[in-house]
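With CSV, C-alpha atoms and all ligand atoms inside, this is entry04.csv:
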```csv
chain,number,residue,atom,x,y,z
A,1,MET,CA,16.4,-20.7,8.6
A,2,SER,CA,12.8,-19.8,7.9
A,3,SER,CA,9.9,-19.6,10.3
A,4,VAL,CA,6.3,-18.5,10.2
A,5,LEU,CA,4.8,-17.6,13.6
A,6,PHE,CA,1.1,-16.8,14.3
A,7,ASP,CA,0.4,-14.2,17.1
A,8,GLN,CA,-2.3,-11.9,18.1
A,9,GLN,CA,-2.2,-8.0,18.4
A,10,GLY,CA,-5.3,-6.6,19.9
A,11,LYS,CA,-8.1,-8.4,18.2
A,12,LEU,CA,-6.1,-9.2,15.0
A,13,SER,CA,-4.0,-12.2,14.1
A,14,VAL,CA,-0.5,-11.2,13.0
A,15,ILE,CA,1.8,-13.6,11.1
A,16,THR,CA,5.6,-13.1,11.5
A,17,VAL,CA,7.8,-14.4,8.8
A,18,GLU,CA,11.5,-14.8,9.5
A,19,ASN,CA,14.1,-16.0,7.0
A,20,ASP,CA,17.8,-15.4,6.1
A,21,PHE,CA,16.8,-12.3,4.1
A,22,ALA,CA,14.4,-10.4,6.3
A,23,THR,CA,11.6,-10.3,8.9
A,24,ALA,CA,8.1,-9.3,7.9
A,25,LYS,CA,4.7,-9.1,9.5
A,26,ILE,CA,1.2,-9.3,7.9
A,27,THR,CA,-2.3,-9.4,9.3
A,28,PRO,CA,-5.0,-11.3,7.4
A,29,TYR,CA,-7.3,-8.4,8.3
A,30,GLY,CA,-7.2,-6.5,5.1
A,31,ALA,CA,-4.1,-8.6,4.0
A,32,ASN,CA,-2.1,-5.7,5.3
A,33,VAL,CA,1.7,-6.1,5.4
A,34,LEU,CA,2.7,-4.2,8.5
A,35,SER,CA,6.5,-4.5,8.6
A,36,PHE,CA,9.5,-5.4,6.4
A,37,ILE,CA,13.0,-5.3,7.9
A,38,PRO,CA,15.7,-6.7,5.6
A,39,ARG,CA,18.8,-8.2,7.3
A,40,SER,CA,21.1,-6.4,4.9
A,41,PRO,CA,22.2,-3.6,4.9
A,42,ARG,CA,22.7,-4.1,8.6
A,43,ASN,CA,20.7,-2.2,11.1
A,44,MET,CA,18.2,-1.1,8.5
A,45,ALA,CA,15.1,0.4,10.0
A,46,ASP,CA,11.7,-1.0,9.1
A,47,LEU,CA,10.8,0.1,5.6
A,48,LEU,CA,7.2,0.4,6.7
A,49,TRP,CA,5.5,2.6,9.3
A,50,VAL,CA,2.5,1.7,11.5
A,51,SER,CA,1.0,4.5,13.6
A,52,PRO,CA,1.7,4.0,17.3
A,53,ALA,CA,-2.0,5.0,17.7
A,54,ALA,CA,-3.2,2.4,15.1
A,55,ARG,CA,-6.3,0.5,16.2
A,56,PHE,CA,-6.1,-3.4,16.0
A,57,ASP,CA,-9.8,-3.9,16.7
A,58,GLY,CA,-10.9,-5.3,13.4
A,59,ARG,CA,-13.4,-2.4,12.9
A,60,GLN,CA,-11.1,-0.2,10.8
A,61,PRO,CA,-8.0,-0.7,8.8
A,62,VAL,CA,-4.7,-0.6,10.7
A,63,ARG,CA,-3.2,2.8,10.1
A,64,GLY,CA,0.0,2.0,8.3
A,65,GLY,CA,1.7,-0.9,6.6
A,66,ILE,CA,0.4,-1.5,3.0
A,67,PRO,CA,-3.4,-1.2,3.1
A,68,ILE,CA,-5.1,-2.5,-0.1
A,69,CYS,CA,-7.4,0.0,-1.8
A,70,TRP,CA,-9.8,-2.0,-4.0
A,71,PRO,CA,-12.1,-1.9,-6.0
A,72,TRP,CA,-12.1,1.9,-5.8
A,73,PHE,CA,-9.5,4.4,-4.7
A,74,GLY,CA,-10.5,7.4,-2.6
A,75,LYS,CA,-14.2,8.3,-2.1
A,76,HIS,CA,-16.8,6.2,-3.8
A,77,ALA,CA,-17.9,7.9,-7.0
A,78,SER,CA,-21.6,8.1,-6.1
A,79,ASP,CA,-22.3,6.8,-2.6
A,80,SER,CA,-20.7,8.7,0.3
A,81,THR,CA,-22.0,6.2,2.8
A,82,LEU,CA,-19.5,3.6,1.4
A,83,PRO,CA,-16.0,3.4,2.8
A,84,ALA,CA,-13.1,5.3,1.2
A,85,HIS,CA,-10.6,3.2,-0.7
A,86,GLY,CA,-13.0,0.3,-1.2
A,87,PHE,CA,-14.0,-2.5,1.1
A,88,VAL,CA,-11.3,-5.3,1.1
A,89,ARG,CA,-9.0,-3.5,3.6
A,90,ASN,CA,-11.9,-3.8,6.1
A,91,MET,CA,-12.4,-7.5,5.6
A,92,LEU,CA,-10.7,-10.7,6.9
A,93,TRP,CA,-8.8,-12.5,4.1
A,94,GLN,CA,-8.0,-16.2,4.2
A,95,LEU,CA,-4.5,-17.5,4.3
A,96,ASP,CA,-4.3,-20.1,1.6
A,97,GLN,CA,-0.6,-21.1,1.4
A,98,VAL,CA,2.8,-20.6,3.0
A,99,ASN,CA,5.7,-21.7,0.8
A,100,HIS,CA,9.3,-21.9,1.8
A,101,LEU,CA,11.1,-21.4,-1.5
A,102,GLU,CA,14.4,-23.0,-2.5
A,103,SER,CA,15.9,-19.6,-2.6
A,104,GLY,CA,15.3,-19.2,1.1
A,105,ALA,CA,12.5,-16.7,0.5
A,106,THR,CA,9.1,-17.2,2.0
A,107,GLU,CA,5.8,-16.8,0.1
A,108,LEU,CA,2.4,-16.2,1.6
A,109,SER,CA,-0.8,-16.4,-0.5
A,110,LEU,CA,-4.0,-14.9,0.8
A,111,SER,CA,-7.4,-14.4,-0.9
A,112,ILE,CA,-10.9,-13.0,-0.6
A,113,GLU,CA,-13.9,-13.6,-2.8
A,114,SER,CA,-17.2,-11.8,-3.5
A,115,SER,CA,-20.0,-12.5,-1.0
A,116,ASP,CA,-23.6,-11.7,-0.5
A,117,GLU,CA,-22.3,-8.7,1.5
A,118,SER,CA,-20.0,-7.4,-1.2
A,119,LEU,CA,-22.5,-7.9,-3.9
A,120,LYS,CA,-24.8,-5.5,-2.1
A,121,ILE,CA,-22.3,-2.7,-2.6
A,122,TRP,CA,-20.4,-3.9,-5.7
A,123,PRO,CA,-22.3,-6.0,-8.3
A,124,TYR,CA,-19.5,-8.2,-9.4
A,125,LEU,CA,-18.4,-11.8,-8.7
A,126,PHE,CA,-14.6,-11.7,-8.1
A,127,HIS,CA,-11.6,-13.5,-6.7
A,128,LEU,CA,-8.8,-11.4,-5.3
A,129,GLN,CA,-5.4,-12.9,-4.4
A,130,LEU,CA,-2.4,-11.3,-2.7
A,131,VAL,CA,0.9,-13.1,-2.9
A,132,VAL,CA,3.6,-11.7,-0.6
A,133,THR,CA,7.2,-12.8,-1.1
A,134,VAL,CA,9.7,-12.0,1.7
A,135,ALA,CA,13.2,-12.0,0.4
A,136,GLU,CA,16.0,-9.4,0.1
A,137,SER,CA,13.1,-7.3,-1.3
A,138,LEU,CA,9.4,-7.4,-0.4
A,139,THR,CA,7.1,-8.2,-3.3
A,140,LEU,CA,3.3,-8.0,-3.4
A,141,ARG,CA,1.2,-9.2,-6.3
A,142,LEU,CA,-2.5,-8.4,-6.2
A,143,VAL,CA,-4.4,-10.5,-8.8
A,144,THR,CA,-7.9,-9.6,-9.6
A,145,THR,CA,-10.1,-12.2,-11.5
A,146,ASN,CA,-13.4,-11.0,-12.9
A,147,LEU,CA,-15.8,-14.0,-12.3
A,148,SER,CA,-18.7,-12.1,-13.6
A,149,ASP,CA,-20.3,-12.4,-17.0
A,150,HIS,CA,-20.0,-8.7,-17.5
A,151,THR,CA,-17.2,-6.1,-17.8
A,152,MET,CA,-15.6,-4.9,-14.5
A,153,VAL,CA,-14.1,-1.4,-14.1
A,154,LEU,CA,-12.0,-0.7,-11.0
A,155,THR,CA,-9.4,1.5,-9.4
A,156,GLU,CA,-6.9,0.1,-6.9
A,157,ALA,CA,-3.7,0.9,-5.0
A,158,PHE,CA,-1.1,-0.4,-2.5
A,159,HIS,CA,-1.5,2.4,0.0
A,160,SER,CA,2.1,2.0,1.3
A,161,TYR,CA,3.2,3.9,4.5
A,162,PHE,CA,7.0,4.2,4.5
A,163,LYS,CA,9.0,5.0,7.6
A,164,VAL,CA,11.1,8.1,7.1
A,165,GLY,CA,13.3,10.2,9.3
A,166,ASP,CA,11.5,13.5,8.5
A,167,ALA,CA,8.8,13.8,5.8
A,168,SER,CA,9.8,17.4,5.2
A,169,LYS,CA,13.3,16.4,4.3
A,170,VAL,CA,12.5,13.6,1.8
A,171,THR,CA,12.6,13.7,-2.0
A,172,VAL,CA,10.9,11.4,-4.4
A,173,SER,CA,12.4,10.9,-7.9
A,174,GLY,CA,11.1,9.0,-10.9
A,175,LEU,CA,7.9,10.9,-11.2
A,176,GLU,CA,9.2,13.2,-13.9
A,177,GLY,CA,7.0,13.4,-17.0
A,178,SER,CA,3.8,12.3,-15.2
A,179,VAL,CA,0.7,14.5,-14.8
A,180,HIS,CA,0.7,15.9,-11.3
A,181,ILE,CA,-2.8,16.5,-9.8
A,182,ASP,CA,-2.7,18.5,-6.6
A,183,THR,CA,-5.8,17.5,-4.7
A,184,LEU,CA,-5.1,20.2,-2.1
A,185,SER,CA,-5.2,23.0,-4.8
A,186,ALA,CA,-8.5,22.4,-6.6
A,187,MET,CA,-7.1,19.4,-8.5
A,188,LYS,CA,-4.7,21.7,-10.3
A,189,ARG,CA,-2.9,19.7,-13.1
A,190,SER,CA,0.7,20.2,-14.3
A,191,VAL,CA,3.5,18.1,-15.8
A,192,GLN,CA,6.0,17.0,-13.1
A,193,THR,CA,9.3,18.1,-14.6
A,194,LYS,CA,11.7,17.5,-11.7
A,195,LYS,CA,12.3,15.5,-8.5
A,196,LEU,CA,9.6,16.0,-5.9
A,197,PHE,CA,10.8,17.9,-2.7
A,198,LEU,CA,8.2,17.1,0.0
A,199,SER,CA,6.7,20.0,1.7
A,200,PRO,CA,3.7,18.6,3.8
A,201,PRO,CA,0.8,18.7,3.5
A,202,MET,CA,0.9,16.9,0.2
A,203,ASP,CA,-1.9,14.8,-1.4
A,204,SER,CA,-0.9,14.5,-5.0
A,205,VAL,CA,-1.9,12.0,-7.7
A,206,PHE,CA,0.6,11.3,-10.5
A,207,LEU,CA,-1.1,9.9,-13.6
A,208,ASN,CA,0.6,8.2,-16.6
A,209,HIS,CA,3.3,7.1,-14.1
A,210,ALA,CA,4.2,3.4,-14.8
A,211,VAL,CA,7.9,3.4,-13.8
A,212,ASP,CA,9.8,3.1,-10.6
A,213,ALA,CA,10.0,5.8,-7.9
A,214,LYS,CA,12.8,6.3,-5.3
A,215,ILE,CA,12.4,7.8,-1.9
A,216,ASP,CA,15.6,9.5,-0.7
A,217,ASP,CA,15.8,9.9,3.1
A,218,VAL,CA,18.8,11.9,4.2
A,219,VAL,CA,17.8,11.6,7.9
A,220,LEU,CA,17.8,7.8,7.9
A,221,SER,CA,20.5,7.9,5.3
A,222,ARG,CA,18.7,5.4,2.9
A,223,GLN,CA,17.0,5.2,-0.4
A,224,ILE,CA,13.8,3.1,-0.8
A,225,SER,CA,13.1,1.8,-4.3
A,226,VAL,CA,9.4,1.5,-5.2
A,227,ARG,CA,9.3,-0.8,-8.2
A,228,LYS,CA,5.9,-1.6,-9.8
A,229,GLN,CA,4.2,-3.4,-12.8
A,230,GLY,CA,0.6,-3.1,-13.9
A,231,SER,CA,0.3,0.3,-12.4
A,232,SER,CA,-0.2,3.7,-14.2
A,233,SER,CA,-0.6,5.9,-11.2
A,234,THR,CA,1.3,6.9,-8.0
A,235,VAL,CA,-0.1,8.9,-5.1
A,236,VAL,CA,2.1,10.8,-2.6
A,237,TRP,CA,0.5,11.7,0.7
A,238,ASN,CA,1.5,13.2,4.0
A,239,PRO,CA,-1.0,15.2,6.0
A,240,GLY,CA,1.4,17.7,7.6
A,241,SER,CA,0.8,19.3,11.0
A,242,GLU,CA,-2.8,20.6,10.4
A,243,ILE,CA,-4.6,17.9,8.5
A,244,VAL,CA,-3.1,15.2,10.8
A,245,LYS,CA,-5.4,16.6,13.5
A,246,GLY,CA,-8.3,15.0,11.7
A,247,PHE,CA,-6.9,11.5,12.1
A,248,LYS,CA,-7.7,9.8,15.4
A,249,ASP,CA,-5.2,7.0,14.7
A,250,ILE,CA,-2.2,9.3,14.0
A,251,SER,CA,-0.9,11.5,16.9
A,252,ASN,CA,-0.5,15.1,16.0
A,253,GLU,CA,3.3,15.0,16.3
A,254,ALA,CA,3.7,11.8,14.3
A,255,TRP,CA,3.2,13.2,10.8
A,256,PRO,CA,7.0,13.6,10.0
A,257,GLU,CA,7.5,9.9,10.7
A,258,PHE,CA,5.9,8.6,7.5
A,259,LEU,CA,5.4,9.2,3.8
A,260,CYS,CA,2.8,7.4,1.6
A,261,VAL,CA,3.9,6.6,-1.9
A,262,GLU,CA,1.1,4.6,-3.3
A,263,SER,CA,1.3,2.4,-6.4
A,264,GLY,CA,-1.9,1.6,-8.3
A,265,ASN,CA,-4.4,2.7,-10.9
A,266,VAL,CA,-6.5,5.6,-9.7
A,267,PHE,CA,-8.7,8.5,-11.1
A,268,GLU,CA,-8.9,8.1,-14.9
A,269,ASP,CA,-6.2,5.3,-14.9
A,270,VAL,CA,-9.0,2.7,-14.5
A,271,VAL,CA,-8.6,-1.1,-15.0
A,272,THR,CA,-11.2,-2.7,-17.3
A,273,LEU,CA,-11.6,-6.4,-17.1
A,274,LEU,CA,-13.9,-8.4,-19.5
A,275,ALA,CA,-15.7,-11.4,-18.1
A,276,GLY,CA,-13.2,-14.0,-16.9
A,277,GLU,CA,-10.2,-11.7,-17.4
A,278,LYS,CA,-7.4,-11.2,-14.8
A,279,HIS,CA,-5.2,-8.2,-13.8
A,280,GLU,CA,-2.1,-8.2,-11.7
A,281,LEU,CA,-0.7,-5.2,-9.8
A,282,LYS,CA,2.8,-5.9,-8.7
A,283,LEU,CA,5.0,-3.9,-6.2
A,284,GLU,CA,8.6,-4.6,-5.1
A,285,LEU,CA,10.3,-2.7,-2.3
A,286,PHE,CA,13.9,-2.7,-1.3
A,287,SER,CA,16.3,-0.3,0.4
A,288,ASP,CA,19.9,0.7,-0.1
A,289,ALA,CA,21.8,2.5,2.7
A,290,PHE,CA,23.5,5.5,1.2
A,291,VAL,CA,26.1,7.9,2.4
A,292,ARG,CA,24.9,11.5,2.2
B,301,LIG,O1,-3.9,8.4,-0.5
B,301,LIG,C1,-4.2,9.7,0.0
B,301,LIG,C2,-5.6,9.6,0.7
B,301,LIG,O2,-6.6,9.4,-0.2
B,301,LIG,C3,-5.7,10.9,1.5
B,301,LIG,O3,-6.6,11.8,0.9
B,301,LIG,C4,-6.1,10.5,2.9
B,301,LIG,O4,-7.5,10.4,3.0
B,301,LIG,C5,-5.4,9.1,3.0
B,301,LIG,O5,-5.6,8.6,1.7
B,301,LIG,C6,-5.9,8.3,4.1
B,301,LIG,O6,-7.1,7.8,3.8
B,301,LIG,P1,-7.8,6.8,4.9
B,301,LIG,O7,-9.1,6.4,4.3
B,301,LIG,O8,-6.9,5.5,5.0
B,301,LIG,O9,-7.9,7.5,6.2
```
Let me see the structure of the file written as structure tokens.
Ligand code: TA6
Amino acid sequence: MSSVLFDQQGKLSVITVENDFATAKITPYGANVLSFIPRSPRNMADLLWVSPAARFDGRQPVRGGIPICWPWFGKHASDSTLPAHGFVRNMLWQLDQVNHLESGATELSLSIESSDESLKIWPYLFHLQLVVTVAESLTLRLVTTNLSDHTMVLTEAFHSYFKVGDASKVTVSGLEGSVHIDTLSAMKRSVQTKKLFLSPPMDSVFLNHAVDAKIDDVVLSRQISVRKQGSSSTVVWNPGSEIVKGFKDISNEAWPEFLCVESGNVFEDVVTLLAGEKHELKLELFSDAFVR
């Protein structure tokens, strides 16, 4: 059984995919995957979190799900008037294909291209494709094609919001050996030598991190695996009780409900594409229920 339904939430179109493995939701606005609930293990909570105060008005990214940061991560390097995390999460992508695979999985392909508007803020011709595969795991592949006749340098990330039972009781393993940059402590750098025990607020970049990470959630009694390819960086973010007050689309008491573990290429881990070259950033998410 596999279905793809088109609905509306606020001013945004939302596509619901249901098959034998899972249910998922995605909005073409920013090509943001908003929800992924696997059928097994049974009664698994949504892996992803969307703020109850999220705006679905098409004027700002939905707070939650997996926003796509591209072609820059964080603040623009030289122009503070440009949006943080690039511009494609604020744009409507086109749905190109829906494929029901023989395996029973469902694959959606969306894309966006450079335009007169984008060329004003980023001087490259590009094609950007997101392929989402809904199966026992959720897979996202972001494929950048440099259509320009000159070299493109970009940073990018899947800014994934994971639903957790309590962000102050979560650990993240797999970051060991990476370079930890604490953006809340004057960019202090250190080598991450052990499992990360979350103590929000946290806004940390882990460079030279190309392997999987695991989120251990003792409150929801589950582990979320964050597998990736084509990525050298991971960012871990939760605003905590004070910084959350600066976000209109996150209620003050909601900060313990989520943890961002973002997979991409940020800071000095840039992606350089010669004319005509492609780059793929791949993310695969799945969850195992575990007994404490
Ligand atoms: O990924 C961490 C971060 O850059 C934080 O500094 C915080 O700004 C968060 O992203 C949310 O950014 P946004 O632009 O989506 O509000």
One decimal, Å: what's the distance from atom CA of Asn43 of chain A over to atom CA of Ala289 of chain A, could you say?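 So the two atoms, atom CA of Asn43 of chain A and atom CA of Ala289 of chain A, lie 9.7 Å apart.
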Separating atom CA of Ser199 of chain A from atom C5 of ligand LIG 301 (chain B), to the nearest tenth of an Å, is a gap of 16.3 Å
Students should find that atom CA of Gln129 of chain A and atom CA of Arg141 of chain A are spaced 7.8 Å
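Across A:Pro123, A:Gly177, A:Pro67, A:Gly276, the tightest approach to ligand LIG 301 (chain B) is made by A:Pro67 when counting all atoms listed in the file.
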Chain A near ligand LIG 301 (chain B) within 10 Å: what's each residue's closest atom pair and its distance in Å to one decimal, counting only C-alpha atoms and all ligand atoms, ordered by chain then ascending residue number, as JSON lines?
```
{"residue": "A:Gln60", "atom": "CA", "partner": "B:LIG301", "partner_atom": "O8", "distance": 9.2}
{"residue": "A:Pro61", "atom": "CA", "partner": "B:LIG301", "partner_atom": "O8", "distance": 7.4}
{"residue": "A:Val62", "atom": "CA", "partner": "B:LIG301", "partner_atom": "O8", "distance": 8.6}
{"residue": "A:Arg63", "atom": "CA", "partner": "B:LIG301", "partner_atom": "O8", "distance": 6.9}
{"residue": "A:Gly64", "atom": "CA", "partner": "B:LIG301", "partner_atom": "O8", "distance": 8.4}
{"residue": "A:Pro67", "atom": "CA", "partner": "B:LIG301", "partner_atom": "O8", "distance": 7.8}
{"residue": "A:Ile68", "atom": "CA", "partner": "B:LIG301", "partner_atom": "O8", "distance": 9.7}
{"residue": "A:Cys69", "atom": "CA", "partner": "B:LIG301", "partner_atom": "O8", "distance": 8.8}
{"residue": "A:Phe73", "atom": "CA", "partner": "B:LIG301", "partner_atom": "O2", "distance": 7.3}
{"residue": "A:Gly74", "atom": "CA", "partner": "B:LIG301", "partner_atom": "O2", "distance": 5.0}
{"residue": "A:Lys75", "atom": "CA", "partner": "B:LIG301", "partner_atom": "O2", "distance": 7.9}
{"residue": "A:Pro83", "atom": "CA", "partner": "B:LIG301", "partner_atom": "O7", "distance": 7.7}
{"residue": "A:Ala84", "atom": "CA", "partner": "B:LIG301", "partner_atom": "O7", "distance": 5.2}
{"residue": "A:His85", "atom": "CA", "partner": "B:LIG301", "partner_atom": "O7", "distance": 6.1}
{"residue": "A:Gly86", "atom": "CA", "partner": "B:LIG301", "partner_atom": "O7", "distance": 9.1}
{"residue": "A:Arg89", "atom": "CA", "partner": "B:LIG301", "partner_atom": "O8", "distance": 9.3}
{"residue": "A:Ala157", "atom": "CA", "partner": "B:LIG301", "partner_atom": "O1", "distance": 8.7}
{"residue": "A:Phe158", "atom": "CA", "partner": "B:LIG301", "partner_atom": "O1", "distance": 9.4}
{"residue": "A:His159", "atom": "CA", "partner": "B:LIG301", "partner_atom": "O1", "distance": 6.5}
{"residue": "A:Ser160", "atom": "CA", "partner": "B:LIG301", "partner_atom": "O1", "distance": 9.0}
{"residue": "A:Tyr161", "atom": "CA", "partner": "B:LIG301", "partner_atom": "O1", "distance": 9.8}
{"residue": "A:Thr183", "atom": "CA", "partner": "B:LIG301", "partner_atom": "O3", "distance": 8.0}
{"residue": "A:Leu184", "atom": "CA", "partner": "B:LIG301", "partner_atom": "O3", "distance": 9.0}
{"residue": "A:Met202", "atom": "CA", "partner": "B:LIG301", "partner_atom": "C1", "distance": 8.8}
{"residue": "A:Asp203", "atom": "CA", "partner": "B:LIG301", "partner_atom": "C1", "distance": 5.8}
{"residue": "A:Ser204", "atom": "CA", "partner": "B:LIG301", "partner_atom": "C1", "distance": 7.7}
{"residue": "A:Val205", "atom": "CA", "partner": "B:LIG301", "partner_atom": "O1", "distance": 8.3}
{"residue": "A:Thr234", "atom": "CA", "partner": "B:LIG301", "partner_atom": "O1", "distance": 9.2}
{"residue": "A:Val235", "atom": "CA", "partner": "B:LIG301", "partner_atom": "O1", "distance": 6.0}
{"residue": "A:Val236", "atom": "CA", "partner": "B:LIG301", "partner_atom": "O1", "distance": 6.8}
{"residue": "A:Trp237", "atom": "CA", "partner": "B:LIG301", "partner_atom": "C1", "distance": 5.2}
{"residue": "A:Asn238", "atom": "CA", "partner": "B:LIG301", "partner_atom": "C1", "distance": 7.8}
{"residue": "A:Pro239", "atom": "CA", "partner": "B:LIG301", "partner_atom": "C4", "distance": 7.6}
{"residue": "A:Ile243", "atom": "CA", "partner": "B:LIG301", "partner_atom": "C4", "distance": 9.4}
{"residue": "A:Val244", "atom": "CA", "partner": "B:LIG301", "partner_atom": "C4", "distance": 9.7}
{"residue": "A:Gly246", "atom": "CA", "partner": "B:LIG301", "partner_atom": "O9", "distance": 9.3}
{"residue": "A:Phe247", "atom": "CA", "partner": "B:LIG301", "partner_atom": "O9", "distance": 7.2}
{"residue": "A:Lys248", "atom": "CA", "partner": "B:LIG301", "partner_atom": "O9", "distance": 9.5}
{"residue": "A:Asp249", "atom": "CA", "partner": "B:LIG301", "partner_atom": "O9", "distance": 8.9}
{"residue": "A:Ile250", "atom": "CA", "partner": "B:LIG301", "partner_atom": "O9", "distance": 9.8}
{"residue": "A:Cys260", "atom": "CA", "partner": "B:LIG301", "partner_atom": "O1", "distance": 7.1}
{"residue": "A:Val261", "atom": "CA", "partner": "B:LIG301", "partner_atom": "O1", "distance": 8.1}
{"residue": "A:Glu262", "atom": "CA", "partner": "B:LIG301", "partner_atom": "O1", "distance": 6.9}
{"residue": "A:Ser263", "atom": "CA", "partner": "B:LIG301", "partner_atom": "O1", "distance": 9.9}
{"residue": "A:Val266", "atom": "CA", "partner": "B:LIG301", "partner_atom": "O1", "distance": 10.0}
```
Take the residues that were just selected and, keeping C-alpha atoms, output them as a PDB file, in the frame of the given file.
```
ATOM      1  CA  GLN A  60     -11.100  -0.200  10.800  1.00  0.00           C
ATOM      2  CA  PRO A  61      -8.000  -0.700   8.800  1.00  0.00           C
ATOM      3  CA  VAL A  62      -4.700  -0.600  10.700  1.00  0.00           C
ATOM      4  CA  ARG A  63      -3.200   2.800  10.100  1.00  0.00           C
ATOM      5  CA  GLY A  64       0.000   2.000   8.300  1.00  0.00           C
ATOM      6  CA  PRO A  67      -3.400  -1.200   3.100  1.00  0.00           C
ATOM      7  CA  ILE A  68      -5.100  -2.500  -0.100  1.00  0.00           C
ATOM      8  CA  CYS A  69      -7.400   0.000  -1.800  1.00  0.00           C
ATOM      9  CA  PHE A  73      -9.500   4.400  -4.700  1.00  0.00           C
ATOM     10  CA  GLY A  74     -10.500   7.400  -2.600  1.00  0.00           C
ATOM     11  CA  LYS A  75     -14.200   8.300  -2.100  1.00  0.00           C
ATOM     12  CA  PRO A  83     -16.000   3.400   2.800  1.00  0.00           C
ATOM     13  CA  ALA A  84     -13.100   5.300   1.200  1.00  0.00           C
ATOM     14  CA  HIS A  85     -10.600   3.200  -0.700  1.00  0.00           C
ATOM     15  CA  GLY A  86     -13.000   0.300  -1.200  1.00  0.00           C
ATOM     16  CA  ARG A  89      -9.000  -3.500   3.600  1.00  0.00           C
ATOM     17  CA  ALA A 157      -3.700   0.900  -5.000  1.00  0.00           C
ATOM     18  CA  PHE A 158      -1.100  -0.400  -2.500  1.00  0.00           C
ATOM     19  CA  HIS A 159      -1.500   2.400   0.000  1.00  0.00           C
ATOM     20  CA  SER A 160       2.100   2.000   1.300  1.00  0.00           C
ATOM     21  CA  TYR A 161       3.200   3.900   4.500  1.00  0.00           C
ATOM     22  CA  THR A 183      -5.800  17.500  -4.700  1.00  0.00           C
ATOM     23  CA  LEU A 184      -5.100  20.200  -2.100  1.00  0.00           C
ATOM     24  CA  MET A 202       0.900  16.900   0.200  1.00  0.00           C
ATOM     25  CA  ASP A 203      -1.900  14.800  -1.400  1.00  0.00           C
ATOM     26  CA  SER A 204      -0.900  14.500  -5.000  1.00  0.00           C
ATOM     27  CA  VAL A 205      -1.900  12.000  -7.700  1.00  0.00           C
ATOM     28  CA  THR A 234       1.300   6.900  -8.000  1.00  0.00           C
ATOM     29  CA  VAL A 235      -0.100   8.900  -5.100  1.00  0.00           C
ATOM     30  CA  VAL A 236       2.100  10.800  -2.600  1.00  0.00           C
ATOM     31  CA  TRP A 237       0.500  11.700   0.700  1.00  0.00           C
ATOM     32  CA  ASN A 238       1.500  13.200   4.000  1.00  0.00           C
ATOM     33  CA  PRO A 239      -1.000  15.200   6.000  1.00  0.00           C
ATOM     34  CA  ILE A 243      -4.600  17.900   8.500  1.00  0.00           C
ATOM     35  CA  VAL A 244      -3.100  15.200  10.800  1.00  0.00           C
ATOM     36  CA  GLY A 246      -8.300  15.000  11.700  1.00  0.00           C
ATOM     37  CA  PHE A 247      -6.900  11.500  12.100  1.00  0.00           C
ATOM     38  CA  LYS A 248      -7.700   9.800  15.400  1.00  0.00           C
ATOM     39  CA  ASP A 249      -5.200   7.000  14.700  1.00  0.00           C
ATOM     40  CA  ILE A 250      -2.200   9.300  14.000  1.00  0.00           C
ATOM     41  CA  CYS A 260       2.800   7.400   1.600  1.00  0.00           C
ATOM     42  CA  VAL A 261       3.900   6.600  -1.900  1.00  0.00           C
ATOM     43  CA  GLU A 262       1.100   4.600  -3.300  1.00  0.00           C
ATOM     44  CA  SER A 263       1.300   2.400  -6.400  1.00  0.00           C
ATOM     45  CA  VAL A 266      -6.500   5.600  -9.700  1.00  0.00           C
TER      46      VAL A 266
END
```
message = I want to know what sits within 9 Å of Leu273 of chain A, based on all atoms listed in the file, with residues of the same chain fewer than 3 positions away left out; could you give that as a ChimeraX atom specification?
response = /A:144-146,150-154,276-279
Counting all atoms listed in the file, give me one row per residue of segment 113-223 of chain A with an atom at most 12 Å from an atom of segment 18-29 of chain A, showing the shortest contact pair and its distance in Å to one decimal, sorted by chain then residue number, as JSON lines.
```
{"residue": "A:Gln129", "atom": "CA", "partner": "A:Pro28", "partner_atom": "CA", "distance": 11.9}
{"residue": "A:Leu130", "atom": "CA", "partner": "A:Pro28", "partner_atom": "CA", "distance": 10.4}
{"residue": "A:Val131", "atom": "CA", "partner": "A:Ile26", "partner_atom": "CA", "distance": 11.5}
{"residue": "A:Val132", "atom": "CA", "partner": "A:Ile26", "partner_atom": "CA", "distance": 9.2}
{"residue": "A:Thr133", "atom": "CA", "partner": "A:Ala24", "partner_atom": "CA", "distance": 9.7}
{"residue": "A:Val134", "atom": "CA", "partner": "A:Ala22", "partner_atom": "CA", "distance": 6.8}
{"residue": "A:Ala135", "atom": "CA", "partner": "A:Phe21", "partner_atom": "CA", "distance": 5.2}
{"residue": "A:Glu136", "atom": "CA", "partner": "A:Phe21", "partner_atom": "CA", "distance": 5.0}
{"residue": "A:Ser137", "atom": "CA", "partner": "A:Phe21", "partner_atom": "CA", "distance": 8.2}
{"residue": "A:Leu138", "atom": "CA", "partner": "A:Ala24", "partner_atom": "CA", "distance": 8.6}
{"residue": "A:Thr139", "atom": "CA", "partner": "A:Ala24", "partner_atom": "CA", "distance": 11.3}
{"residue": "A:Leu140", "atom": "CA", "partner": "A:Ile26", "partner_atom": "CA", "distance": 11.6}
```
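Remark: for Glu257 of chain A, the closest of the candidate residues A:Asp166, A:Glu107, A:Asp182, A:Glu242 is A:Asp166 (distances computed over only C-alpha atoms).
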So that I can see what lies close to Val218 of chain A, please list as a compact mmCIF listing (two decimals) with C-alpha atoms, in the coordinates of the input the residues with an atom at most 12 Å from it, counting only C-alpha atoms and leaving out residues fewer than 4 positions away in the same chain.
```txt
# COMPACT_ATOMS: atom_id res chain seq x y z
CA VAL A 164 11.10 8.10 7.10
CA GLY A 165 13.30 10.20 9.30
CA ASP A 166 11.50 13.50 8.50
CA ALA A 167 8.80 13.80 5.80
CA SER A 168 9.80 17.40 5.20
CA LYS A 169 13.30 16.40 4.30
CA VAL A 170 12.50 13.60 1.80
CA THR A 171 12.60 13.70 -2.00
CA VAL A 172 10.90 11.40 -4.40
CA ARG A 222 18.70 5.40 2.90
CA GLN A 223 17.00 5.20 -0.40
CA ILE A 224 13.80 3.10 -0.80
CA ALA A 289 21.80 2.50 2.70
CA PHE A 290 23.50 5.50 1.20
CA VAL A 291 26.10 7.90 2.40
CA ARG A 292 24.90 11.50 2.20
```
